[in-house]
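Shown next: final04.txt, given as compact mmCIF, C-alpha atoms.
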# COMPACT_ATOMS: atom_id res chain seq x y z
CA MET A 393 10.20 27.19 -8.07
CA GLU A 394 10.51 30.29 -5.91
CA SER A 395 13.74 31.33 -4.29
CA GLY A 396 14.38 29.85 -0.85
CA THR A 397 12.62 26.55 -1.44
CA ASP A 398 14.63 23.33 -1.20
CA LYS A 399 14.29 21.69 -4.59
CA HIS A 400 14.48 18.26 -2.96
CA ALA A 401 11.59 18.85 -0.57
CA LEU A 402 9.03 16.05 -0.80
CA THR A 403 10.21 14.94 -4.22
CA GLU A 404 9.56 11.36 -3.20
CA THR A 405 5.87 11.80 -2.52
CA VAL A 406 4.58 15.18 -3.60
CA ASP A 407 4.11 17.01 -6.88
CA PRO A 408 6.77 19.77 -7.11
CA ARG A 409 4.01 22.35 -7.59
CA LEU A 410 2.78 21.58 -4.07
CA HIS A 411 6.14 21.91 -2.30
CA ARG A 412 5.50 25.43 -1.14
CA GLY A 413 3.03 26.28 1.57
CA ALA A 414 0.37 28.95 1.64
CA ASN A 415 0.22 31.79 4.15
CA GLN A 416 -3.29 32.74 3.10
CA SER A 417 -6.10 32.50 5.61
CA GLY A 418 -7.93 29.18 5.56
CA MET A 419 -4.93 27.18 4.32
CA ARG A 420 -3.70 25.92 7.70
CA ASP A 421 -4.89 22.39 6.99
CA HIS A 422 -2.77 22.29 3.84
CA ASN A 423 0.24 23.65 5.68
CA GLU A 424 -0.15 21.23 8.57
CA ARG A 425 -0.25 18.34 6.10
CA LEU A 426 2.83 19.74 4.38
CA VAL A 427 4.75 19.88 7.65
CA LEU A 428 3.67 16.39 8.71
CA SER A 429 4.52 14.99 5.28
CA LEU A 430 7.99 16.53 5.39
CA VAL A 431 8.68 15.22 8.89
CA ARG A 432 7.43 11.76 7.88
CA LEU A 433 9.66 11.78 4.83
CA HIS A 434 12.84 12.90 6.60
CA GLY A 435 12.32 11.32 10.01
CA SER A 436 12.88 14.57 11.93
CA LEU A 437 13.29 18.23 11.02
CA SER A 438 13.82 21.49 12.86
CA LYS A 439 11.68 24.58 12.39
CA SER A 440 14.42 26.22 10.34
CA ASP A 441 14.68 23.13 8.10
CA ILE A 442 10.94 23.20 7.41
CA THR A 443 10.94 26.96 6.86
CA ARG A 444 13.66 26.57 4.26
CA ARG A 445 11.98 23.62 2.53
CA THR A 446 8.47 25.09 2.36
CA GLY A 447 9.08 28.80 1.81
CA LEU A 448 6.61 29.59 4.59
CA SER A 449 7.49 32.29 7.09
CA ALA A 450 9.32 31.34 10.28
CA GLN A 451 6.39 32.68 12.29
CA THR A 452 3.90 30.50 10.39
CA ILE A 453 6.03 27.40 10.88
CA SER A 454 6.43 28.15 14.58
CA VAL A 455 2.67 28.41 15.02
CA ILE A 456 1.99 25.23 13.04
CA MET A 457 4.59 23.13 14.82
CA ARG A 458 3.55 24.44 18.23
CA GLU A 459 -0.04 23.42 17.54
CA LEU A 460 0.98 20.02 16.13
CA GLU A 461 3.05 19.44 19.26
CA ARG A 462 0.15 20.52 21.47
CA ASP A 463 -2.12 18.11 19.59
CA GLY A 464 0.29 15.28 20.30
CA LEU A 465 1.31 14.73 16.67
CA LEU A 466 4.93 15.93 16.97
CA LEU A 467 7.60 15.29 19.59
CA LYS A 468 10.72 17.33 20.40
CA GLN A 469 14.00 15.52 20.00
CA ALA A 470 17.34 16.26 21.69
CA PRO A 471 18.76 19.64 20.61
CA LYS A 472 21.53 19.57 18.00
CA ARG A 473 24.51 21.60 19.14
CA GLY A 474 27.82 22.51 17.58
CA ARG A 475 26.66 25.27 15.26
CA ILE A 476 26.80 29.02 15.70
CA GLY A 477 23.76 30.41 17.46
CA GLN A 478 20.97 28.63 19.28
CA PRO A 479 20.92 24.82 19.00
CA SER A 480 18.27 23.49 16.63
CA VAL A 481 15.55 21.26 18.05
CA PRO A 482 14.42 18.55 15.61
CA MET A 483 10.78 17.47 15.71
CA SER A 484 9.60 13.96 14.85
CA LEU A 485 6.26 12.22 14.54
CA ASN A 486 4.75 10.97 17.78
CA PRO A 487 4.03 7.23 17.32
CA ASP A 488 0.99 7.62 19.60
CA GLY A 489 -0.22 10.71 17.77
CA ALA A 490 -2.79 8.76 15.76
CA PHE A 491 -3.80 5.18 15.07
CA PHE A 492 -5.27 3.55 11.98
CA ILE A 493 -6.94 0.23 11.26
CA GLY A 494 -6.43 -1.68 8.02
CA LEU A 495 -8.73 -4.44 6.79
CA LYS A 496 -7.68 -6.65 3.90
CA ILE A 497 -10.46 -8.84 2.51
CA GLY A 498 -9.00 -11.38 0.12
CA ARG A 499 -10.13 -14.46 -1.73
CA ARG A 500 -8.48 -16.83 0.75
CA SER A 501 -7.87 -14.80 3.89
CA CYS A 502 -8.82 -11.69 5.81
CA ASP A 503 -6.39 -9.54 7.82
CA LEU A 504 -7.12 -6.85 10.35
CA LEU A 505 -4.30 -4.76 11.79
CA LEU A 506 -3.72 -1.72 13.93
CA ILE A 507 -0.86 0.66 13.14
CA ASP A 508 0.47 3.77 14.84
CA PHE A 509 1.39 7.15 13.36
CA LEU A 510 4.75 5.82 12.15
CA GLY A 511 3.16 2.85 10.39
CA SER A 512 4.37 0.28 12.92
CA THR A 513 1.97 -2.61 13.51
CA ARG A 514 0.67 -2.65 17.09
CA ALA A 515 -1.66 -5.65 16.74
CA SER A 516 -2.99 -7.91 13.99
CA LEU A 517 -5.52 -10.70 13.43
CA ARG A 518 -6.02 -13.13 10.54
CA LEU A 519 -8.92 -15.25 9.31
CA SER A 520 -8.21 -17.91 6.68
CA TYR A 521 -11.00 -19.50 4.69
CA ARG A 522 -11.68 -21.55 1.61
CA TYR A 523 -14.14 -19.00 0.20
CA PRO A 524 -15.00 -15.43 1.23
CA VAL A 525 -18.40 -15.23 2.94
CA PHE A 526 -19.72 -11.79 3.78
CA CYS A 527 -21.43 -12.49 7.10
CA ASP A 528 -18.34 -14.30 8.43
CA THR A 529 -16.16 -11.37 7.40
CA VAL A 530 -18.37 -8.84 9.18
CA GLU A 531 -18.34 -10.99 12.32
CA PHE A 532 -14.54 -11.25 12.15
CA VAL A 533 -14.25 -7.46 11.86
CA SER A 534 -16.72 -6.85 14.69
CA ASN A 535 -14.88 -9.16 17.09
CA GLY A 536 -11.49 -8.05 15.82
CA LEU A 537 -12.13 -4.35 16.41
CA THR A 538 -12.95 -5.12 20.03
CA LYS A 539 -9.68 -7.02 20.43
CA LEU A 540 -7.58 -4.39 18.68
CA CYS A 541 -9.06 -1.54 20.69
CA ALA A 542 -8.49 -3.47 23.90
CA SER A 543 -4.74 -3.28 23.18
CA LEU A 544 -4.93 0.52 23.45
CA SER A 545 -5.55 2.75 26.44
CA PRO A 546 -8.81 4.77 26.53
CA ALA A 547 -6.83 7.88 25.55
CA GLN A 548 -5.22 6.06 22.63
CA GLN A 549 -8.55 4.69 21.45
CA LYS A 550 -9.76 8.27 21.00
CA ARG A 551 -6.89 8.78 18.55
CA ILE A 552 -8.03 6.14 16.06
CA ALA A 553 -8.46 8.24 12.93
CA GLY A 554 -10.16 5.76 10.62
CA LEU A 555 -10.42 2.30 9.10
CA GLY A 556 -9.42 1.44 5.56
CA ILE A 557 -10.66 -1.55 3.58
CA ALA A 558 -8.57 -3.11 0.81
CA MET A 559 -10.36 -5.71 -1.29
CA PRO A 560 -10.85 -6.69 -4.93
CA PHE A 561 -13.66 -4.50 -6.22
CA ARG A 562 -15.26 -7.55 -7.84
CA LEU A 563 -14.48 -10.02 -5.07
CA TRP A 564 -17.98 -11.45 -4.96
CA GLU A 565 -17.99 -11.99 -8.72
CA TRP A 566 -14.78 -14.04 -8.89
CA ALA A 567 -16.26 -17.38 -7.85
CA GLN A 568 -14.86 -19.24 -10.84
CA LYS A 569 -11.33 -17.93 -10.25
CA THR A 570 -11.29 -19.37 -6.71
CA ALA A 571 -13.43 -22.44 -7.49
CA ALA A 572 -15.99 -21.28 -4.92
CA PRO A 573 -19.65 -22.21 -5.25
CA ASP A 574 -21.45 -19.14 -6.52
CA LYS A 575 -23.99 -19.35 -3.72
CA THR A 576 -21.30 -19.38 -1.04
CA VAL A 577 -19.73 -16.18 -2.32
CA THR A 578 -22.78 -14.17 -3.29
CA GLU A 579 -25.49 -15.36 -0.91
CA HIS A 580 -24.85 -12.48 1.49
CA GLN A 581 -23.42 -10.00 -0.94
CA PRO A 582 -23.99 -6.46 0.39
CA PRO A 583 -24.66 -3.50 -1.91
CA ASP A 584 -21.77 -1.68 -0.23
CA ILE A 585 -19.21 -3.44 1.98
CA ARG A 586 -18.06 -0.12 3.37
CA ALA A 587 -21.59 0.71 4.48
CA ALA A 588 -21.78 -2.65 6.24
CA ILE A 589 -18.55 -2.00 8.19
CA GLN A 590 -19.22 1.64 9.09
CA PRO A 591 -21.80 0.94 11.87
CA LEU A 592 -19.17 -1.11 13.70
CA CYS A 593 -17.05 1.96 14.50
CA ASP A 594 -17.41 5.68 15.17
CA TYR A 595 -14.62 6.81 12.83
CA PRO A 596 -14.68 7.09 9.01
CA VAL A 597 -14.29 4.03 6.79
CA PHE A 598 -12.52 4.09 3.42
CA LEU A 599 -12.38 1.62 0.54
CA GLN A 600 -9.74 0.83 -2.10
CA ASN A 601 -8.89 -1.97 -4.50
CA ASP A 602 -6.54 -4.35 -2.67
CA ALA A 603 -3.62 -4.36 -5.12
CA THR A 604 -3.86 -0.59 -5.49
CA ALA A 605 -3.81 -0.30 -1.71
CA ALA A 606 -0.67 -2.47 -1.63
CA CYS A 607 0.93 -0.05 -4.07
CA GLY A 608 -0.09 2.79 -1.75
CA ALA A 609 1.61 1.03 1.16
CA GLU A 610 4.86 0.84 -0.83
CA LEU A 611 4.52 4.54 -1.61
CA VAL A 612 3.75 5.68 1.95
CA PHE A 613 5.73 3.20 4.06
CA GLY A 614 8.17 1.58 1.64
CA GLN A 615 11.66 2.47 0.54
CA THR A 616 10.97 3.96 -2.87
CA GLY A 617 13.70 6.58 -2.57
CA MET A 618 13.49 9.21 -5.28
CA LEU A 619 11.12 7.25 -7.52
CA ARG A 620 8.38 9.40 -9.02
CA ASP A 621 6.82 7.07 -11.58
CA PHE A 622 6.60 3.32 -11.14
CA VAL A 623 4.38 0.37 -11.97
CA TYR A 624 3.69 -2.05 -9.13
CA PHE A 625 2.74 -5.73 -9.24
CA TYR A 626 1.35 -7.60 -6.25
CA ILE A 627 1.14 -11.38 -6.51
CA GLY A 628 -1.69 -12.59 -4.29
CA ALA A 629 -4.41 -15.18 -4.80
CA LEU A 630 -4.82 -13.31 -8.08
CA ALA A 631 -2.13 -11.05 -9.50
CA GLY A 632 -2.87 -7.33 -9.58
CA GLY A 633 -1.12 -4.02 -9.28
CA GLY A 634 -1.07 -0.26 -9.12
CA ILE A 635 0.47 2.83 -10.72
CA VAL A 636 2.33 5.79 -9.21
CA LEU A 637 2.71 8.92 -11.33
CA GLY A 638 4.43 12.08 -10.19
CA GLY A 639 4.88 10.65 -6.71
CA ARG A 640 1.16 9.97 -6.26
CA LEU A 641 -0.95 6.89 -6.44
CA TYR A 642 -2.99 7.07 -9.65
CA THR A 643 -6.36 5.35 -9.34
CA GLY A 644 -8.20 6.77 -12.36
CA PRO A 645 -11.83 7.95 -12.54
CA THR A 646 -13.27 4.63 -11.34
CA GLY A 647 -10.53 3.76 -8.83
CA ASN A 648 -9.46 0.76 -10.90
CA ALA A 649 -6.41 2.08 -12.74
CA GLY A 650 -3.54 -0.34 -12.61
CA ALA A 651 -5.72 -3.44 -12.96
CA LEU A 652 -2.64 -5.22 -14.23
CA GLY A 653 -3.96 -8.70 -13.59
CA SER A 654 -6.12 -8.33 -16.68
CA MET A 655 -3.19 -7.41 -18.91
CA PRO A 656 -2.79 -9.77 -21.91
CA VAL A 657 0.44 -11.79 -21.92
CA PRO A 658 1.66 -14.83 -23.88
CA GLY A 659 0.17 -17.99 -22.43
CA LYS A 660 0.41 -21.68 -23.16
CA ASN A 661 1.65 -22.40 -26.69
CA GLY A 662 1.89 -18.68 -27.30
CA GLN A 663 -1.86 -18.15 -27.01
CA PRO A 664 -3.02 -14.90 -25.36
CA ALA A 665 -3.80 -15.13 -21.66
CA GLN A 666 -4.28 -12.74 -18.77
CA LEU A 667 -1.46 -12.14 -16.30
CA LEU A 668 -3.63 -13.39 -13.42
CA ASP A 669 -4.15 -16.71 -15.22
CA ILE A 670 -0.40 -17.37 -15.03
CA ALA A 671 1.22 -15.42 -12.19
CA SER A 672 -1.42 -15.83 -9.45
CA ILE A 673 -0.82 -17.95 -6.36
CA ALA A 674 -4.20 -19.58 -7.02
CA VAL A 675 -2.61 -21.01 -10.17
CA LEU A 676 0.24 -22.48 -8.12
CA GLU A 677 -2.26 -24.05 -5.72
CA LYS A 678 -4.20 -25.54 -8.62
CA ARG A 679 -1.03 -27.12 -10.01
CA LEU A 680 -0.13 -28.54 -6.61
CA ASN A 681 -3.61 -29.95 -6.10
CA ALA A 682 -3.48 -31.59 -9.54
CA GLN A 683 -0.42 -33.52 -8.31
CA GLY A 684 -2.18 -34.54 -5.12
CA ILE A 685 -0.35 -31.97 -2.99
CA LYS A 686 -2.50 -30.04 -0.52
CA ALA A 687 -0.99 -26.69 0.38
CA PRO A 688 -3.28 -24.71 2.72
CA HIS A 689 -0.16 -23.06 4.16
CA LEU A 690 0.07 -21.00 0.97
CA TRP A 691 -2.62 -18.89 2.66
CA THR A 692 -2.15 -19.53 6.38
CA THR A 693 1.64 -19.18 6.65
CA PRO A 694 2.84 -16.97 3.79
CA GLU A 695 6.11 -16.42 5.68
CA ASP A 696 7.15 -20.03 5.03
CA TRP A 697 5.82 -22.35 2.32
CA GLY A 698 8.31 -25.09 3.05
CA ASP A 699 9.57 -27.30 0.23
CA LEU A 700 6.88 -27.71 -2.43
CA GLY A 701 9.18 -29.27 -5.00
CA PRO A 702 9.66 -28.61 -8.71
CA ILE A 703 6.07 -27.41 -9.20
CA VAL A 704 7.00 -24.13 -7.52
CA ASP A 705 10.07 -23.86 -9.75
CA GLU A 706 7.91 -24.22 -12.85
CA TRP A 707 5.37 -21.71 -11.57
CA ILE A 708 8.11 -19.18 -10.84
CA LYS A 709 9.46 -19.58 -14.38
CA ASP A 710 6.02 -19.09 -15.96
CA ALA A 711 5.07 -16.22 -13.65
CA ALA A 712 8.37 -14.44 -14.34
CA SER A 713 7.87 -14.70 -18.09
CA ALA A 714 4.33 -13.33 -17.85
CA LEU A 715 5.43 -10.50 -15.56
CA ALA A 716 8.28 -9.62 -17.92
CA HIS A 717 5.86 -9.15 -20.81
CA ALA A 718 3.49 -7.15 -18.58
CA ILE A 719 6.31 -4.83 -17.53
CA ILE A 720 7.49 -4.26 -21.10
CA SER A 721 3.91 -3.64 -22.23
CA SER A 722 3.44 -1.12 -19.41
CA ALA A 723 6.65 0.66 -20.39
CA SER A 724 5.39 1.04 -23.94
CA VAL A 725 2.51 3.16 -22.61
CA ILE A 726 4.19 5.11 -19.79
CA ASP A 727 7.90 5.75 -19.34
CA PHE A 728 8.11 4.23 -15.86
CA GLU A 729 11.33 4.60 -13.90
CA ALA A 730 10.87 1.28 -12.16
CA ALA A 731 8.72 -1.82 -11.82
CA ILE A 732 8.25 -3.12 -8.28
CA ILE A 733 7.33 -6.73 -7.50
CA ASP A 734 5.87 -7.88 -4.19
CA GLY A 735 3.43 -10.49 -3.00
CA TRP A 736 1.85 -12.85 -0.50
CA MET A 737 4.83 -15.19 -0.37
CA PRO A 738 8.02 -15.92 1.56
CA VAL A 739 10.89 -13.50 0.93
CA SER A 740 12.96 -16.38 -0.46
CA VAL A 741 10.29 -17.14 -3.09
CA ARG A 742 9.99 -13.47 -4.00
CA GLU A 743 13.76 -13.28 -4.48
CA ARG A 744 13.69 -16.29 -6.80
CA LEU A 745 10.81 -14.75 -8.74
CA PHE A 746 12.73 -11.48 -8.99
CA GLU A 747 15.85 -13.22 -10.34
CA ALA A 748 13.80 -15.20 -12.88
CA LEU A 749 12.00 -12.00 -13.91
CA CYS A 750 15.23 -10.13 -14.58
CA GLU A 751 16.40 -13.03 -16.72
CA ALA A 752 13.09 -13.17 -18.61
CA ILE A 753 13.15 -9.44 -19.40
CA GLY A 754 16.60 -9.89 -20.91
CA LYS A 755 15.14 -12.31 -23.47
CA ILE A 756 12.52 -9.86 -24.78
CA ASP A 757 13.22 -7.53 -27.68
CA THR A 758 13.06 -4.07 -26.13
CA ASP A 759 14.47 -1.96 -28.95
CA ASP A 760 13.33 1.68 -28.75
CA LEU A 761 11.98 1.12 -25.21
CA CYS A 762 13.44 2.33 -21.94
CA VAL A 763 13.08 -0.74 -19.73
CA PRO A 764 12.08 0.13 -16.14
CA HIS A 765 14.48 -0.82 -13.39
CA VAL A 766 13.03 -3.91 -11.70
CA ARG A 767 12.99 -3.88 -7.90
CA GLN A 768 11.60 -6.01 -5.10
CA GLY A 769 8.95 -4.49 -2.88
CA THR A 770 9.83 -3.62 0.69
CA ILE A 771 6.52 -4.30 2.47
CA GLY A 772 5.77 -7.96 1.73
CA ILE A 773 2.80 -10.00 2.90
CA HIS A 774 1.19 -7.15 4.86
CA ALA A 775 1.19 -4.70 1.94
CA ARG A 776 -2.56 -4.82 1.31
CA ALA A 777 -3.55 -4.46 4.97
CA LEU A 778 -0.98 -1.69 5.50
CA GLY A 779 -2.23 -0.04 2.34
CA ALA A 780 -5.74 -0.16 3.76
CA ALA A 781 -4.56 1.47 6.98
CA SER A 782 -2.79 4.16 4.96
CA LEU A 783 -6.12 5.33 3.51
CA PRO A 784 -7.28 7.29 6.60
CA LEU A 785 -3.67 8.33 7.27
CA SER A 786 -3.41 9.89 3.82
CA GLU A 787 -6.88 11.41 3.99
CA ARG A 788 -6.28 13.19 7.27
CA PHE A 789 -2.56 13.83 7.59
CA LEU A 790 -0.68 13.75 4.28
CA ILE A 791 -0.35 16.27 1.48
CA GLY A 792 -2.21 15.80 -1.80
CA PRO A 793 -5.35 13.86 -2.68
CA ALA A 794 -6.36 10.91 -0.53
CA LEU A 795 -5.52 7.42 -1.70
CA ALA A 796 -9.01 6.31 -0.86
CA ALA A 797 -11.86 5.97 -3.30
CA GLY A 798 -14.00 7.86 -0.81
CA SER A 799 -15.23 7.92 2.75
CA THR A 800 -18.56 7.61 4.43
Once you've parsed the file, please lay out its structure as structure tokens.
Amino acid sequence: MESGTDKHALTETVDPRLHRGANQSGMRDHNERLVLSLVRLHGSLSKSDITRRTGLSAQTISVIMRELERDGLLLKQAPKRGRIGQPSVPMSLNPDGAFFIGLKIGRRSCDLLLIDFLGSTRASLRLSYRYPVFCDTVEFVSNGLTKLCASLSPAQQKRIAGLGIAMPFRLWEWAQKTAAPDKTVTEHQPPDIRAAIQPLCDYPVFLQNDATAACGAELVFGQTGMLRDFVYFYIGALAGGGIVLGGRLYTGPTGNAGALGSMPVPGKNGQPAQLLDIASIAVLEKRLNAQGIKAPHLWTTPEDWGDLGPIVDEWIKDAASALAHAIISSASVIDFEAAIIDGWMPVSVRERLFEALCEAIGKIDTDDLCVPHVRQGTIGIHARALGAASLPLSERFLIGPALAAGST
């Protein structure tokens, strides 16, 4: 790395080779993203701080930050005094600088939310259902966009930068996993869900696998600290996950890297099974239903499941064992620093799952393997919807490749 560059700059989210800016003509977009990414990472920075961290000239940084302030993306903070010379003036992101909409389409519910430039949720809507039906989802989005936009002023509405969709890529093919009649799920199946949503708005629409999007939310908005490489598990209706390598979300050539729900793990009587067949919330619901316990609040009120008895205890034990094997298997392929667990569940349930997981990992023979440090996620039930909203944010304002699979 060249002299004058802070070696810690953007280490949480950006490849070290991209720390430095570029003074060449035509590279302003890259440099603007670099500045915005640094300010997002550190909360606020002065011009001198950014100059030191990027290696760009003071004049270049002054021009960039002046334009970002003029565009309403940065705000001046109170000057910091007490040092020799002129007081430094930190700059922070303007919460109203841009807005993003996230749409999570799941097997049992649909969430639509509006976030600001800091990632704070301004408004949200939820639709719960027994089975996903395309025409109902499009109607929910159409009505929901009107409601979300109504919460913004006309000037703010012009700052909506895009809509991201997070959904299982094979949602309409998973009828058997959710016990839905095939006709109900596939009757209105569109060739491209993104193309169906795009006419509803005049800003770009992006698409990503839901669990991968949740991983992206942890990366962009979560508290990952200095982690550069981690494997991420999200326990929803079906278990899934994502992979971060070198501080970037890795989606692979088809956008489906980190399809951890399909990972083989020991099942009943030691027979091979897939992780999603053991650790999914749909499995918990099936067990409850078999005992005559109806639990629609698993989907409608993920903040509080109430007391569901020993069946939840047994599910946590089985899910933890399956996750432990999935984590160890992942570590045998890539030397991950950490494994992060999150899901559509109350924080108390996630904590119990985390404790059971740590115990289960301790029972597995891990000789010659560096076991990743297991951590709880910091986003929770809104991870997939926030991850969806992060797609246009990353595409337009952050350094590096977009998290999205593409845009219209």
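Among the candidate residues A:Ser672, A:Trp707, A:Gly489, A:Leu437, the one lying nearest to Arg462 in chain A is A:Gly489, with distances computed using all atoms listed in the file.
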Report task. Enumerate, as a ChimeraX atom specification, the protein, DNA and RNA residues whose atoms approach (1.0, -31.5, -0.8) to within 12 Å, taking into account all atoms listed in the file and the coordinate frame of the file. Result -> /A:676-690,697-701,703-704
Report task. Enter the distance from CA of Arg432 in chain A to CA of Leu485 in chain A, in Å, rounded to one decimal. Result ->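 So the answer is 6.8 Å.
Between Gln590 in chain A and the candidates A:Pro645, A:Val530, A:Thr692, A:Tyr626, the tightest atom-to-atom separation, counting all atoms listed in the file, involves A:Val530.
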Query raised in the report: Which polymer residues have any atom within 8 Å of an atom of Gly633 in chain A, counting only C-alpha atoms, with same-chain residues fewer than 5 positions away left out, as a PyMOL selection string?
Result: chain A and resi 603-604+606-607+623-626+650-653
Output for the residues just chosen: C-alpha atoms as a JSON list (two decimals), in the coordinates of the input:
[["chain", "number", "residue", "atom", "x", "y", "z"],
["A", 603, "ALA", "CA", -3.62, -4.36, -5.12],
["A", 604, "THR", "CA", -3.86, -0.59, -5.49],
["A", 606, "ALA", "CA", -0.67, -2.47, -1.63],
["A", 607, "CYS", "CA", 0.93, -0.05, -4.07],
["A", 623, "VAL", "CA", 4.38, 0.37, -11.97],
["A", 624, "TYR", "CA", 3.69, -2.05, -9.13],
["A", 625, "PHE", "CA", 2.74, -5.73, -9.24],
["A", 626, "TYR", "CA", 1.35, -7.60, -6.25],
["A", 650, "GLY", "CA", -3.54, -0.34, -12.61],
["A", 651, "ALA", "CA", -5.72, -3.44, -12.96],
["A", 652, "LEU", "CA", -2.64, -5.22, -14.23],
["A", 653, "GLY", "CA", -3.96, -8.70, -13.59]]
Requested in this report: Compare A:Cys502, A:Ala730, A:Ala752, A:Ala714 by their minimum atom-to-atom distance to Asp621 in chain A, counting all atoms listed in the file, and give me the closest one.
Outcome: A:Ala730
(-13.4, 6.0, -11.5) in this file's frame - what residues fall within 12 Å of it? Use only C-alpha atoms and give the answer as a short mmCIF file (atom, residue, chain, number, x, y, z; two decimals) with C-alpha atoms, in the coordinates of the input.
data_model
loop_
_atom_site.label_atom_id
_atom_site.label_comp_id
_atom_site.auth_asym_id
_atom_site.auth_seq_id
_atom_site.Cartn_x
_atom_site.Cartn_y
_atom_site.Cartn_z
CA PHE A 561 -13.66 -4.50 -6.22
CA GLN A 600 -9.74 0.83 -2.10
CA ASN A 601 -8.89 -1.97 -4.50
CA TYR A 642 -2.99 7.07 -9.65
CA THR A 643 -6.36 5.35 -9.34
CA GLY A 644 -8.20 6.77 -12.36
CA PRO A 645 -11.83 7.95 -12.54
CA THR A 646 -13.27 4.63 -11.34
CA GLY A 647 -10.53 3.76 -8.83
CA ASN A 648 -9.46 0.76 -10.90
CA ALA A 649 -6.41 2.08 -12.74
CA GLY A 650 -3.54 -0.34 -12.61
CA ALA A 796 -9.01 6.31 -0.86
CA ALA A 797 -11.86 5.97 -3.30
CA GLY A 798 -14.00 7.86 -0.81
#
Query raised in the report: Quick one, how far is CA of Leu448 in chain A from CA of Leu466 in chain A?
Result: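 CA of Leu466 in chain A lies 18.5 Å from CA of Leu448 in chain A.
Picture a line from CA of Ile456 in chain A to CA of Ile442 in chain A; it runs 10.8 Å.
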Query - 10 Å contact set for Met655 in chain A, all atoms listed in the file, chain neighbours under 3 positions out, as a PyMOL selection string - result: chain A and resi 632+650-652+664-668+714-715+717-719+721-722
Same residues, C-alpha atoms, saved as a PDB file, keeping the file's coordinate frame:
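Dumped everything to part01.pdb:
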ATOM      1  CA  GLY A 632      -2.870  -7.330  -9.580  1.00  0.00           C
ATOM      2  CA  GLY A 650      -3.540  -0.340 -12.610  1.00  0.00           C
ATOM      3  CA  ALA A 651      -5.720  -3.440 -12.960  1.00  0.00           C
ATOM      4  CA  LEU A 652      -2.640  -5.220 -14.230  1.00  0.00           C
ATOM      5  CA  PRO A 664      -3.020 -14.900 -25.360  1.00  0.00           C
ATOM      6  CA  ALA A 665      -3.800 -15.130 -21.660  1.00  0.00           C
ATOM      7  CA  GLN A 666      -4.280 -12.740 -18.770  1.00  0.00           C
ATOM      8  CA  LEU A 667      -1.460 -12.140 -16.300  1.00  0.00           C
ATOM      9  CA  LEU A 668      -3.630 -13.390 -13.420  1.00  0.00           C
ATOM     10  CA  ALA A 714       4.330 -13.330 -17.850  1.00  0.00           C
ATOM     11  CA  LEU A 715       5.430 -10.500 -15.560  1.00  0.00           C
ATOM     12  CA  HIS A 717       5.860  -9.150 -20.810  1.00  0.00           C
ATOM     13  CA  ALA A 718       3.490  -7.150 -18.580  1.00  0.00           C
ATOM     14  CA  ILE A 719       6.310  -4.830 -17.530  1.00  0.00           C
ATOM     15  CA  SER A 721       3.910  -3.640 -22.230  1.00  0.00           C
ATOM     16  CA  SER A 722       3.440  -1.120 -19.410  1.00  0.00           C
TER      17      SER A 722
END
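Restricting the calculation to all atoms listed in the file, the smallest distance between Val675 in chain A and any of A:Ala731, A:Leu460, A:Arg788, A:Leu630 is found for A:Leu630.
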**Report entry** Residue with smallest distance to Leu510 in chain A - pool A:Val657, A:Ile708, A:Ala723, A:Ala781, counting all atoms listed in the file
**Finding:** A:Ala781
Query raised in the report: What's the 6 Å shell around Gly556 in chain A, counting all atoms listed in the file, without same-chain residues fewer than 6 positions away, as a PyMOL selection string?
Result: chain A and resi 494+597-599+780-781+783
Report task. Tell me, as a list in words, which residues lie within 8 Å of range 549-552 of chain A, counting all atoms listed in the file; anything in the same chain fewer than 4 positions away does not count. Result ->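 Contacts, in chain order: Gly489, Ala490, Phe491, Phe492, Ile493, Cys541, Leu544, Ser545 and Tyr595 of chain A.
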Report task. Considering only C-alpha atoms, state which residue in the set A:Pro738, A:Pro656, A:Gly628, A:Pro702 is at the smallest distance from Ile720 in chain A. Result ->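 Of A:Pro738, A:Pro656, A:Gly628, A:Pro702, the one nearest Ile720 in chain A, counting only C-alpha atoms, is A:Pro656.
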Can you pull out every residue within 12 Å of Lys755 in chain A, counting all atoms listed in the file, but drop anything in the same chain fewer than 5 positions away, and send it as a PDB file with C-alpha atoms, in the coordinates of the input?
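Result file is around_19.pdb:
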ATOM      1  CA  ALA A 712       8.370 -14.440 -14.340  1.00  0.00           C
ATOM      2  CA  SER A 713       7.870 -14.700 -18.090  1.00  0.00           C
ATOM      3  CA  ALA A 716       8.280  -9.620 -17.920  1.00  0.00           C
ATOM      4  CA  HIS A 717       5.860  -9.150 -20.810  1.00  0.00           C
ATOM      5  CA  ILE A 720       7.490  -4.260 -21.100  1.00  0.00           C
ATOM      6  CA  ALA A 748      13.800 -15.200 -12.880  1.00  0.00           C
ATOM      7  CA  LEU A 749      12.000 -12.000 -13.910  1.00  0.00           C
ATOM      8  CA  CYS A 750      15.230 -10.130 -14.580  1.00  0.00           C
TER       9      CYS A 750
END
